[in-house]
>>> print(open('model.cif').read())   # mmCIF, C-alpha atoms
data_structure
#
loop_
_atom_site.label_atom_id
_atom_site.label_comp_id
_atom_site.auth_asym_id
_atom_site.auth_seq_id
_atom_site.Cartn_x
_atom_site.Cartn_y
_atom_site.Cartn_z
CA MET A 405 57.31 -7.19 46.34
CA PRO A 406 58.39 -3.83 44.90
CA ALA A 407 56.27 -2.17 42.24
CA PHE A 408 57.62 -0.31 39.24
CA ALA A 409 56.00 2.48 37.28
CA VAL A 410 56.33 1.68 33.61
CA LEU A 411 56.04 3.86 30.54
CA VAL A 412 56.05 2.04 27.21
CA GLU A 413 56.31 4.24 24.15
CA VAL A 414 55.17 2.51 20.97
CA ARG A 415 56.46 4.12 17.78
CA LEU A 416 56.34 3.24 14.13
CA ARG A 417 59.69 1.88 13.05
CA PRO A 418 61.96 4.10 10.97
CA GLY A 419 61.01 3.78 7.32
CA ILE A 420 57.38 2.90 8.03
CA ALA A 421 55.14 5.59 6.61
CA ASP A 422 53.34 7.59 9.29
CA PRO A 423 50.39 9.37 7.66
CA GLN A 424 49.30 10.93 10.96
CA GLY A 425 52.75 12.38 11.58
CA ALA A 426 52.97 13.63 8.00
CA THR A 427 49.57 15.34 8.29
CA ILE A 428 50.58 17.07 11.53
CA GLU A 429 53.86 18.16 9.97
CA ARG A 430 52.04 19.66 7.00
CA SER A 431 49.60 21.49 9.28
CA LEU A 432 52.07 23.15 11.64
CA PRO A 433 53.29 25.84 9.22
CA HIS A 434 49.69 27.07 8.88
CA LEU A 435 49.90 28.08 12.54
CA GLY A 436 53.26 29.72 12.07
CA PHE A 437 55.36 26.84 13.42
CA ASP A 438 58.06 26.61 10.80
CA GLY A 439 61.05 24.32 10.71
CA VAL A 440 59.35 21.31 12.31
CA ARG A 441 60.58 18.03 10.86
CA ASN A 442 60.36 14.29 11.51
CA VAL A 443 56.96 14.29 13.24
CA ARG A 444 56.10 10.75 14.31
CA VAL A 445 52.91 9.79 16.14
CA GLY A 446 52.94 6.91 18.60
CA LYS A 447 51.26 5.66 21.74
CA ALA A 448 52.17 5.91 25.40
CA ILE A 449 51.08 3.05 27.65
CA ARG A 450 51.50 3.46 31.42
CA PHE A 451 51.04 0.88 34.14
CA THR A 452 52.66 -0.50 37.28
CA VAL A 453 54.11 -3.95 37.55
CA GLU A 454 55.31 -5.94 40.56
CA ALA A 455 58.65 -7.68 40.28
CA ASP A 456 61.57 -8.75 42.48
CA ASP A 457 63.82 -6.05 41.09
CA GLU A 458 64.22 -3.65 38.21
CA ASP A 459 65.87 -6.19 35.92
CA ALA A 460 63.03 -8.65 36.40
CA ALA A 461 60.47 -5.91 35.79
CA ARG A 462 62.24 -4.81 32.63
CA SER A 463 62.47 -8.29 31.23
CA GLU A 464 58.76 -8.88 31.87
CA VAL A 465 57.83 -5.63 30.14
CA GLU A 466 60.09 -6.46 27.20
CA ASP A 467 58.24 -9.74 26.84
CA MET A 468 54.88 -7.93 26.93
CA CYS A 469 56.06 -5.55 24.22
CA LYS A 470 57.27 -8.35 22.00
CA ARG A 471 54.14 -10.48 22.37
CA PHE A 472 51.37 -7.95 22.69
CA LEU A 473 51.90 -4.24 23.18
CA ALA A 474 53.62 -3.66 19.84
CA ASN A 475 53.55 -5.28 16.43
CA PRO A 476 57.24 -5.85 15.66
CA VAL A 477 56.56 -5.77 11.91
CA ILE A 478 55.82 -2.04 12.05
CA GLU A 479 56.51 -0.82 15.59
CA ASP A 480 59.38 -0.25 18.03
CA THR A 481 59.13 0.32 21.76
CA THR A 482 61.12 2.15 24.36
CA ILE A 483 60.64 1.26 28.01
CA THR A 484 61.08 3.62 30.95
CA LEU A 485 60.94 2.14 34.44
CA GLU A 486 61.12 3.57 37.90
CA GLN A 487 60.40 2.14 41.31
CA ALA A 488 56.95 3.29 42.34
CA ALA A 489 56.21 4.81 45.73
CA ARG A 490 54.40 2.35 48.00
CA GLN A 491 50.65 2.71 47.70
CA MET B 1481 28.76 -33.85 5.15
CA SER B 1482 31.01 -31.32 3.58
CA GLY B 1483 30.61 -27.66 2.81
CA ARG B 1484 30.34 -26.64 6.47
CA VAL B 1485 31.73 -23.15 6.80
CA GLY B 1486 32.41 -21.81 10.30
CA VAL B 1487 32.21 -18.03 10.60
CA VAL B 1488 33.92 -16.80 13.75
CA LEU B 1489 31.98 -14.21 15.70
CA PHE B 1490 34.16 -11.93 17.80
CA PRO B 1491 32.64 -9.20 19.94
CA GLY B 1492 32.65 -6.35 17.42
CA SER B 1493 32.47 -8.44 14.24
CA ASN B 1494 29.90 -6.95 11.90
CA CYS B 1495 30.14 -8.84 8.59
CA GLU B 1496 29.44 -12.34 9.85
CA HIS B 1497 25.89 -12.43 8.52
CA ASP B 1498 27.01 -11.18 5.12
CA VAL B 1499 29.34 -14.18 4.95
CA VAL B 1500 26.60 -16.55 6.13
CA GLU B 1501 24.19 -15.22 3.48
CA ALA B 1502 26.77 -15.45 0.70
CA VAL B 1503 27.84 -18.97 1.66
CA ASP B 1504 24.31 -20.30 2.11
CA GLY B 1505 23.14 -18.56 -1.05
CA LEU B 1506 25.77 -20.29 -3.15
CA GLY B 1507 25.27 -23.80 -1.83
CA GLY B 1508 27.31 -24.03 1.36
CA LYS B 1509 26.20 -24.43 4.93
CA ALA B 1510 27.40 -21.62 7.19
CA GLU B 1511 27.36 -21.57 10.97
CA LEU B 1512 28.56 -19.00 13.48
CA ILE B 1513 31.31 -19.95 15.91
CA TRP B 1514 31.58 -17.84 19.07
CA HIS B 1515 35.14 -16.61 19.66
CA GLY B 1516 35.11 -17.89 23.23
CA THR B 1517 34.81 -21.53 22.26
CA SER B 1518 37.95 -23.57 21.77
CA SER B 1519 36.56 -26.04 19.23
CA LEU B 1520 35.73 -25.59 15.57
CA ALA B 1521 33.09 -28.32 15.78
CA GLY B 1522 34.32 -30.12 12.71
CA VAL B 1523 33.75 -27.42 10.10
CA ASP B 1524 35.47 -27.74 6.72
CA LEU B 1525 36.57 -24.11 6.40
CA VAL B 1526 36.86 -21.13 8.73
CA VAL B 1527 36.13 -17.50 7.89
CA LEU B 1528 37.27 -14.63 10.09
CA PRO B 1529 34.83 -11.91 9.03
CA GLY B 1530 35.11 -8.14 8.90
CA GLY B 1531 34.31 -5.73 11.67
CA PHE B 1532 36.09 -4.39 14.72
CA ALA B 1533 36.92 -7.44 16.84
CA HIS B 1534 37.34 -6.40 20.47
CA GLY B 1535 36.88 -2.80 19.37
CA ASP B 1536 40.19 -2.90 17.48
CA TYR B 1537 41.70 -1.76 20.80
CA LEU B 1538 45.49 -1.46 20.88
CA ARG B 1539 45.70 -2.45 17.18
CA PRO B 1540 43.22 -4.20 14.86
CA GLY B 1541 43.48 -7.90 15.58
CA ALA B 1542 45.85 -7.50 18.53
CA ILE B 1543 43.35 -8.76 21.09
CA ALA B 1544 41.30 -11.04 18.83
CA ARG B 1545 44.41 -13.09 18.35
CA PHE B 1546 44.12 -14.20 22.00
CA SER B 1547 40.47 -15.26 21.74
CA PRO B 1548 40.18 -18.94 22.74
CA VAL B 1549 38.99 -19.96 19.26
CA MET B 1550 42.23 -18.72 17.68
CA SER B 1551 44.30 -21.64 19.02
CA ALA B 1552 41.89 -23.99 17.29
CA VAL B 1553 42.07 -21.88 14.12
CA ALA B 1554 45.88 -21.99 14.20
CA ASP B 1555 45.89 -25.78 14.66
CA PHE B 1556 43.33 -26.18 11.87
CA ALA B 1557 45.45 -24.01 9.55
CA LYS B 1558 48.60 -25.93 10.44
CA GLU B 1559 46.91 -29.16 9.38
CA GLY B 1560 46.05 -27.61 6.02
CA GLY B 1561 42.49 -26.53 6.85
CA PRO B 1562 41.31 -23.58 4.76
CA VAL B 1563 41.08 -20.29 6.67
CA ILE B 1564 39.90 -17.07 5.05
CA GLY B 1565 40.31 -13.66 6.71
CA ILE B 1566 38.31 -10.81 5.24
CA CYS B 1567 39.19 -7.22 6.17
CA ASN B 1568 39.39 -7.27 9.98
CA GLY B 1569 39.87 -11.04 9.62
CA PHE B 1570 42.98 -10.38 7.52
CA GLN B 1571 44.27 -8.08 10.25
CA VAL B 1572 43.64 -10.82 12.84
CA LEU B 1573 45.54 -13.38 10.70
CA THR B 1574 48.60 -11.12 10.45
CA GLU B 1575 48.55 -10.40 14.19
CA ALA B 1576 48.25 -14.13 14.87
CA GLY B 1577 51.26 -14.82 12.67
CA LEU B 1578 49.25 -17.00 10.27
CA LEU B 1579 50.05 -14.55 7.46
CA PRO B 1580 53.13 -12.32 7.19
CA GLY B 1581 53.22 -8.52 7.26
CA ALA B 1582 50.90 -6.00 8.84
CA LEU B 1583 48.10 -3.61 7.93
CA GLN B 1584 48.64 -0.01 8.90
CA LYS B 1585 46.54 3.11 8.53
CA ASN B 1586 45.57 4.07 4.99
CA ARG B 1587 48.06 6.45 3.45
CA GLY B 1588 45.45 9.18 2.98
CA LEU B 1589 44.29 8.88 6.60
CA LYS B 1590 40.74 8.30 5.40
CA PHE B 1591 38.35 5.52 6.18
CA LEU B 1592 37.64 4.08 2.72
CA CYS B 1593 34.22 2.74 1.79
CA LYS B 1594 33.78 2.20 -1.93
CA ILE B 1595 33.92 -0.33 -4.74
CA VAL B 1596 37.38 -0.84 -6.22
CA GLU B 1597 38.84 -3.03 -8.95
CA VAL B 1598 40.90 -5.97 -7.76
CA ARG B 1599 42.95 -8.22 -10.03
CA VAL B 1600 43.29 -11.95 -9.37
CA GLU B 1601 47.03 -12.72 -9.41
CA THR B 1602 46.98 -16.45 -8.76
CA ALA B 1603 44.32 -19.14 -8.90
CA MET B 1604 46.31 -21.30 -6.51
CA SER B 1605 44.72 -20.46 -3.18
CA ALA B 1606 41.74 -21.43 -1.09
CA LEU B 1607 39.96 -18.25 -2.19
CA SER B 1608 40.77 -18.08 -5.89
CA SER B 1609 40.77 -21.62 -7.30
CA VAL B 1610 37.65 -21.04 -9.39
CA ALA B 1611 38.87 -17.65 -10.65
CA SER B 1612 41.35 -17.03 -13.45
CA VAL B 1613 44.56 -15.07 -13.29
CA GLY B 1614 43.89 -11.62 -14.73
CA ASP B 1615 40.23 -11.51 -13.73
CA VAL B 1616 39.43 -7.98 -12.62
CA LEU B 1617 36.72 -8.00 -9.95
CA ARG B 1618 34.73 -5.06 -8.64
CA LEU B 1619 34.69 -5.51 -4.87
CA PRO B 1620 33.83 -3.21 -1.95
CA ILE B 1621 36.50 -2.08 0.49
CA ASN B 1622 35.56 -0.76 3.88
CA HIS B 1623 38.57 -0.08 6.08
CA PHE B 1624 40.84 2.38 7.87
CA GLU B 1625 43.83 0.08 8.33
CA GLY B 1626 44.21 -1.61 4.95
CA ASN B 1627 47.64 -0.37 3.98
CA TYR B 1628 49.59 -3.61 3.65
CA THR B 1629 53.25 -3.55 4.57
CA CYS B 1630 56.01 -6.09 5.18
CA ASP B 1631 59.80 -6.19 5.11
CA ASP B 1632 61.73 -6.53 1.84
CA ARG B 1633 62.51 -10.18 2.39
CA THR B 1634 58.86 -11.07 2.96
CA LEU B 1635 57.82 -9.14 -0.14
CA ALA B 1636 60.44 -10.95 -2.21
CA GLU B 1637 59.16 -14.29 -0.89
CA LEU B 1638 55.53 -13.43 -1.57
CA ARG B 1639 56.39 -12.54 -5.15
CA ALA B 1640 58.76 -15.43 -5.81
CA GLU B 1641 56.30 -17.97 -4.41
CA ASP B 1642 53.30 -16.48 -6.22
CA ARG B 1643 51.59 -15.74 -2.92
CA VAL B 1644 50.12 -12.34 -3.77
CA VAL B 1645 46.56 -13.45 -4.50
CA PHE B 1646 44.96 -10.07 -5.20
CA ARG B 1647 46.25 -6.64 -6.26
CA TYR B 1648 44.35 -3.36 -6.49
CA VAL B 1649 44.22 -2.08 -10.05
CA ASP B 1650 44.56 1.47 -8.65
CA ASP B 1651 46.18 1.80 -5.25
CA PRO B 1652 43.49 3.11 -2.85
CA ASN B 1653 45.36 3.01 0.46
CA GLY B 1654 49.14 2.95 0.01
CA SER B 1655 49.56 -0.83 0.14
CA LEU B 1656 53.02 -2.07 -0.72
CA ASP B 1657 53.06 -3.37 -4.30
CA ARG B 1658 49.28 -2.68 -4.41
CA ILE B 1659 48.73 -5.86 -2.41
CA ALA B 1660 45.07 -6.48 -1.55
CA GLY B 1661 45.36 -10.11 -0.44
CA ILE B 1662 47.97 -12.80 0.19
CA THR B 1663 48.22 -16.48 1.02
CA ASN B 1664 50.51 -18.57 3.22
CA GLU B 1665 53.05 -21.15 2.06
CA GLY B 1666 50.43 -23.91 2.17
CA ARG B 1667 48.02 -21.72 0.15
CA ASN B 1668 45.22 -22.72 2.57
CA VAL B 1669 45.22 -19.47 4.55
CA VAL B 1670 44.15 -16.35 2.62
CA GLY B 1671 43.66 -12.81 3.87
CA LEU B 1672 42.29 -9.89 1.87
CA MET B 1673 40.97 -6.41 2.59
CA PRO B 1674 38.13 -6.30 -0.02
CA HIS B 1675 34.79 -7.94 0.81
CA PRO B 1676 33.79 -10.62 -1.72
CA GLU B 1677 30.81 -11.61 0.45
CA ARG B 1678 29.28 -8.19 -0.13
CA ALA B 1679 29.49 -8.52 -3.89
CA VAL B 1680 27.34 -11.57 -4.59
CA ASP B 1681 24.31 -9.99 -6.18
CA PRO B 1682 23.86 -7.20 -8.75
CA LEU B 1683 21.55 -5.52 -6.22
CA LEU B 1684 24.62 -4.96 -4.04
CA GLY B 1685 26.39 -3.15 -6.85
CA SER B 1686 28.47 -6.10 -7.99
CA ALA B 1687 28.23 -9.86 -8.23
CA ASP B 1688 31.96 -10.26 -8.93
CA GLY B 1689 32.60 -11.69 -5.47
CA ARG B 1690 30.72 -14.87 -6.35
CA VAL B 1691 33.71 -16.45 -8.03
CA LEU B 1692 35.66 -16.06 -4.80
CA VAL B 1693 32.85 -17.37 -2.61
CA ARG B 1694 32.63 -20.34 -4.98
CA SER B 1695 36.36 -20.90 -4.62
CA LEU B 1696 35.87 -20.82 -0.87
CA LEU B 1697 33.07 -23.37 -1.17
CA ALA B 1698 35.26 -25.59 -3.35
CA ALA B 1699 37.91 -25.43 -0.60
CA ALA B 1700 35.19 -26.44 1.87
CA GLY B 1701 34.43 -29.49 -0.23
CA VAL B 1702 31.27 -28.39 -2.04
CA LEU B 1703 31.43 -30.26 -5.30
CA THR B 1704 29.29 -28.58 -7.90
CA THR B 1705 29.76 -27.41 -11.41
CA TRP B 1706 29.13 -23.72 -11.50
CA SER B 1707 27.08 -21.88 -13.99
CA THR B 1708 28.12 -18.26 -13.92
#
>>> encode(input="model.cif", output="structure tokens")
Amino acid sequence: MPAFAVLVEVRLRPGIADPQGATIERSLPHLGFDGVRNVRVGKAIRFTVEADDEDAARSEVEDMCKRFLANPVIEDTTITLEQAARQ
Amino acid sequence: MSGRVGVVLFPGSNCEHDVVEAVDGLGGKAELIWHGTSSLAGVDLVVLPGGFAHGDYLRPGAIARFSPVMSAVADFAKEGGPVIGICNGFQVLTEAGLLPGALQKNRGLKFLCKIVEVRVETAMSALSSVASVGDVLRLPINHFEGNYTCDDRTLAELRAEDRVVFRYVDDPNGSLDRIAGITNEGRNVVGLMPHPERAVDPLLGSADGRVLVRSLLAAAGVLTTWST
């Protein structure tokens, strides 16, 4: 069965306050990095998953995101998939 | 026998004995329930205590929600059984879908550990029946993720149905509408960030939590007239 390398990015939904992002944004000018806006802090979760094909893998990962990896009240996810090289 | 209070012990819980002491001290009978068991052994009320269940990995409550005991807790709640989530327990209840909304990082990005004033907003809940609306209680908070949030529709429902049980007098953490605790539609499930169990004796800095522990005991079927 083919394996797929998965990257799930978990981000706070638009409109949800992100105190970590805001703190980073406020700190950057102190180091001379001006003009940085919209800093948002999230999580990256990587794993491999076995599935018949890419569609099946994607639908399984979407299910994981909905039920576990993210809290849909405050978080969004984006999923990146690619077929992994055989181990 | 009534008045049996089950206190769920997750790996990483750290307030379970505070709850046991407070419950036993005020006339109930507390017992610990290991998170890996799938039965509540006939208790009259369940408390999910504070702490860091499963290390708070991924998100607070995200993994605790899958502990075997949580199916039994959900069934118990569905049948009207009283369930109280304190601090981390509140986070577990939102993750489990037994209460709406979510608790995110405090607005100031600080772990907060202090006594705050909390106003009782309704006496119609398993944790406030002995209190009076307008009571201002001094209770400890002890959390990093206590910033309550929910969508507009949920907030409108909570307000319209009188389901905000506690509000902070002064907002310590950015919580929407200064919400410190809420209840479900059945008013048998209550979650709050402050710790009433740690405010049951003047030696602890406040005894204001007693009225809430007594409400909890009333929900567990302890029939006593209280002298305050």
>>> closest_atom_pairs(input="model.cif", of="chain B", to="chain A", cutoff="7 Å", atoms="only C-alpha atoms", output="CSV")
residue,atom,partner,partner_atom,distance
B:Ala1542,CA,A:Phe472,CA,6.9
B:Gly1581,CA,A:Val477,CA,6.4
B:Ala1582,CA,A:Val477,CA,6.4
B:Arg1587,CA,A:Pro423,CA,5.6
B:Gly1588,CA,A:Pro423,CA,6.8
B:Leu1589,CA,A:Pro423,CA,6.2
B:Cys1630,CA,A:Val477,CA,6.8
>>> resolve_selection(input="model.cif", expression="the PyMOL selection byres ((chain A and resi 465) around 12)", output="ChimeraX atom specification")
/A:408-413,449-455,458-464,466-474,481-485
>>> atom_distance(input="model.cif", atom1="CA of Gly1689 (chain B)", atom2="CA of Glu1677 (chain B)")
6.2 Å
>>> atom_distance(input="model.cif", atom1="CA of Val440 (chain A)", atom2="CA of Leu1592 (chain B)")
29.3 Å
>>> atom_distance(input="model.cif", atom1="CA of Asn442 (chain A)", atom2="CA of Arg430 (chain A)")
10.9 Å
>>> closest_residue(input="model.cif", among="B:Asn1668, B:Thr1629, B:Ser1547, B:Asn1622", to="Ser1655 (chain B)", atoms="only C-alpha atoms")
B:Thr1629
>>> closest_residue(input="model.cif", among="B:Ile1595, B:Val1600, B:Val1644, B:Ile1621", to="Ser1686 (chain B)", atoms="all atoms listed in the file")
B:Ile1595
>>> resolve_selection(input="model.cif", expression="the PyMOL selection byres ((chain B and resi 1586) around 7)", output="list in words")
Gln1584, Lys1585, Arg1587, Gly1588, Leu1589, Lys1590, Phe1624, Glu1625, Gly1626, Asn1627, Asn1653 and Gly1654 of chain B
>>> resolve_selection(input="model.cif", expression="the PyMOL selection byres ((chain B and resi 1610) around 12)", output="PyMOL selection string")
chain B and resi 1600+1602-1609+1611-1613+1615+1689-1699+1703-1708
>>> write_last_selection(input="model.cif", atoms="C-alpha atoms", output="compact mmCIF listing (two decimals), in the coordinates of the input")
# COMPACT_ATOMS: atom_id res chain seq x y z
CA VAL B 1600 43.29 -11.95 -9.37
CA THR B 1602 46.98 -16.45 -8.76
CA ALA B 1603 44.32 -19.14 -8.90
CA MET B 1604 46.31 -21.30 -6.51
CA SER B 1605 44.72 -20.46 -3.18
CA ALA B 1606 41.74 -21.43 -1.09
CA LEU B 1607 39.96 -18.25 -2.19
CA SER B 1608 40.77 -18.08 -5.89
CA SER B 1609 40.77 -21.62 -7.30
CA ALA B 1611 38.87 -17.65 -10.65
CA SER B 1612 41.35 -17.03 -13.45
CA VAL B 1613 44.56 -15.07 -13.29
CA ASP B 1615 40.23 -11.51 -13.73
CA GLY B 1689 32.60 -11.69 -5.47
CA ARG B 1690 30.72 -14.87 -6.35
CA VAL B 1691 33.71 -16.45 -8.03
CA LEU B 1692 35.66 -16.06 -4.80
CA VAL B 1693 32.85 -17.37 -2.61
CA ARG B 1694 32.63 -20.34 -4.98
CA SER B 1695 36.36 -20.90 -4.62
CA LEU B 1696 35.87 -20.82 -0.87
CA LEU B 1697 33.07 -23.37 -1.17
CA ALA B 1698 35.26 -25.59 -3.35
CA ALA B 1699 37.91 -25.43 -0.60
CA LEU B 1703 31.43 -30.26 -5.30
CA THR B 1704 29.29 -28.58 -7.90
CA THR B 1705 29.76 -27.41 -11.41
CA TRP B 1706 29.13 -23.72 -11.50
CA SER B 1707 27.08 -21.88 -13.99
CA THR B 1708 28.12 -18.26 -13.92
>>> closest_residue(input="model.cif", among="A:Gly425, A:Asp456, A:Pro406, A:Val414", to="Arg441 (chain A)", atoms="all atoms listed in the file")
A:Gly425
>>> closest_residue(input="model.cif", among="B:Phe1570, B:Phe1591, B:Phe1646, B:Trp1514", to="Val1549 (chain B)", atoms="all atoms listed in the file")
B:Trp1514
>>> closest_residue(input="model.cif", among="B:Cys1567, B:Val1526, B:Val1487, B:Ala1557", to="Arg1667 (chain B)", atoms="only C-alpha atoms")
B:Ala1557
>>> residues_near_point(input="model.cif", point="(34.4, -13.4, 19.7)", cutoff="7 Å", atoms="all atoms listed in the file", output="list in words")
Val1488, Leu1489, Phe1490, Pro1491, Trp1514, His1515, Gly1516 and Ser1547 of chain B
>>> build_atoms(input="model.cif", residues="region 1596-1612 of chain B", atoms="N, CA and C atoms", output="PDB file, keeping the file's coordinate frame")
ATOM      1  N   VAL B1596      36.122  -1.001  -5.479  1.00  0.00           N
ATOM      2  CA  VAL B1596      37.380  -0.840  -6.220  1.00  0.00           C
ATOM      3  C   VAL B1596      37.585  -2.059  -7.126  1.00  0.00           C
ATOM      4  N   GLU B1597      38.503  -1.902  -8.088  1.00  0.00           N
ATOM      5  CA  GLU B1597      38.840  -3.030  -8.950  1.00  0.00           C
ATOM      6  C   GLU B1597      40.032  -3.780  -8.378  1.00  0.00           C
ATOM      7  N   VAL B1598      39.883  -5.098  -8.336  1.00  0.00           N
ATOM      8  CA  VAL B1598      40.900  -5.970  -7.760  1.00  0.00           C
ATOM      9  C   VAL B1598      41.236  -7.045  -8.782  1.00  0.00           C
ATOM     10  N   ARG B1599      42.528  -7.247  -9.022  1.00  0.00           N
ATOM     11  CA  ARG B1599      42.950  -8.220 -10.030  1.00  0.00           C
ATOM     12  C   ARG B1599      43.354  -9.529  -9.340  1.00  0.00           C
ATOM     13  N   VAL B1600      42.887 -10.637  -9.877  1.00  0.00           N
ATOM     14  CA  VAL B1600      43.290 -11.950  -9.370  1.00  0.00           C
ATOM     15  C   VAL B1600      44.687 -12.254  -9.910  1.00  0.00           C
ATOM     16  N   GLU B1601      45.639 -12.522  -9.008  1.00  0.00           N
ATOM     17  CA  GLU B1601      47.030 -12.720  -9.410  1.00  0.00           C
ATOM     18  C   GLU B1601      47.444 -14.186  -9.436  1.00  0.00           C
ATOM     19  N   THR B1602      46.710 -15.013  -8.704  1.00  0.00           N
ATOM     20  CA  THR B1602      46.980 -16.450  -8.760  1.00  0.00           C
ATOM     21  C   THR B1602      45.675 -17.195  -8.486  1.00  0.00           C
ATOM     22  N   ALA B1603      45.513 -18.317  -9.152  1.00  0.00           N
ATOM     23  CA  ALA B1603      44.320 -19.140  -8.900  1.00  0.00           C
ATOM     24  C   ALA B1603      44.660 -20.254  -7.910  1.00  0.00           C
ATOM     25  N   MET B1604      45.912 -20.242  -7.436  1.00  0.00           N
ATOM     26  CA  MET B1604      46.310 -21.300  -6.510  1.00  0.00           C
ATOM     27  C   MET B1604      46.196 -20.803  -5.067  1.00  0.00           C
ATOM     28  N   SER B1605      44.966 -20.776  -4.586  1.00  0.00           N
ATOM     29  CA  SER B1605      44.720 -20.460  -3.180  1.00  0.00           C
ATOM     30  C   SER B1605      43.310 -20.881  -2.850  1.00  0.00           C
ATOM     31  N   ALA B1606      43.051 -20.976  -1.548  1.00  0.00           N
ATOM     32  CA  ALA B1606      41.740 -21.430  -1.090  1.00  0.00           C
ATOM     33  C   ALA B1606      40.625 -20.447  -1.441  1.00  0.00           C
ATOM     34  N   LEU B1607      41.000 -19.232  -1.881  1.00  0.00           N
ATOM     35  CA  LEU B1607      39.960 -18.250  -2.190  1.00  0.00           C
ATOM     36  C   LEU B1607      39.928 -17.863  -3.662  1.00  0.00           C
ATOM     37  N   SER B1608      40.744 -18.525  -4.482  1.00  0.00           N
ATOM     38  CA  SER B1608      40.770 -18.080  -5.890  1.00  0.00           C
ATOM     39  C   SER B1608      40.817 -19.227  -6.888  1.00  0.00           C
ATOM     40  N   SER B1609      40.579 -20.465  -6.422  1.00  0.00           N
ATOM     41  CA  SER B1609      40.770 -21.620  -7.300  1.00  0.00           C
ATOM     42  C   SER B1609      39.810 -21.640  -8.480  1.00  0.00           C
ATOM     43  N   VAL B1610      38.634 -21.033  -8.315  1.00  0.00           N
ATOM     44  CA  VAL B1610      37.650 -21.040  -9.390  1.00  0.00           C
ATOM     45  C   VAL B1610      37.816 -19.812 -10.303  1.00  0.00           C
ATOM     46  N   ALA B1611      38.619 -18.853  -9.854  1.00  0.00           N
ATOM     47  CA  ALA B1611      38.870 -17.650 -10.650  1.00  0.00           C
ATOM     48  C   ALA B1611      40.009 -17.887 -11.621  1.00  0.00           C
ATOM     49  N   SER B1612      40.243 -16.934 -12.516  1.00  0.00           N
ATOM     50  CA  SER B1612      41.350 -17.030 -13.450  1.00  0.00           C
ATOM     51  C   SER B1612      42.295 -15.858 -13.229  1.00  0.00           C
TER      52      SER B1612
END
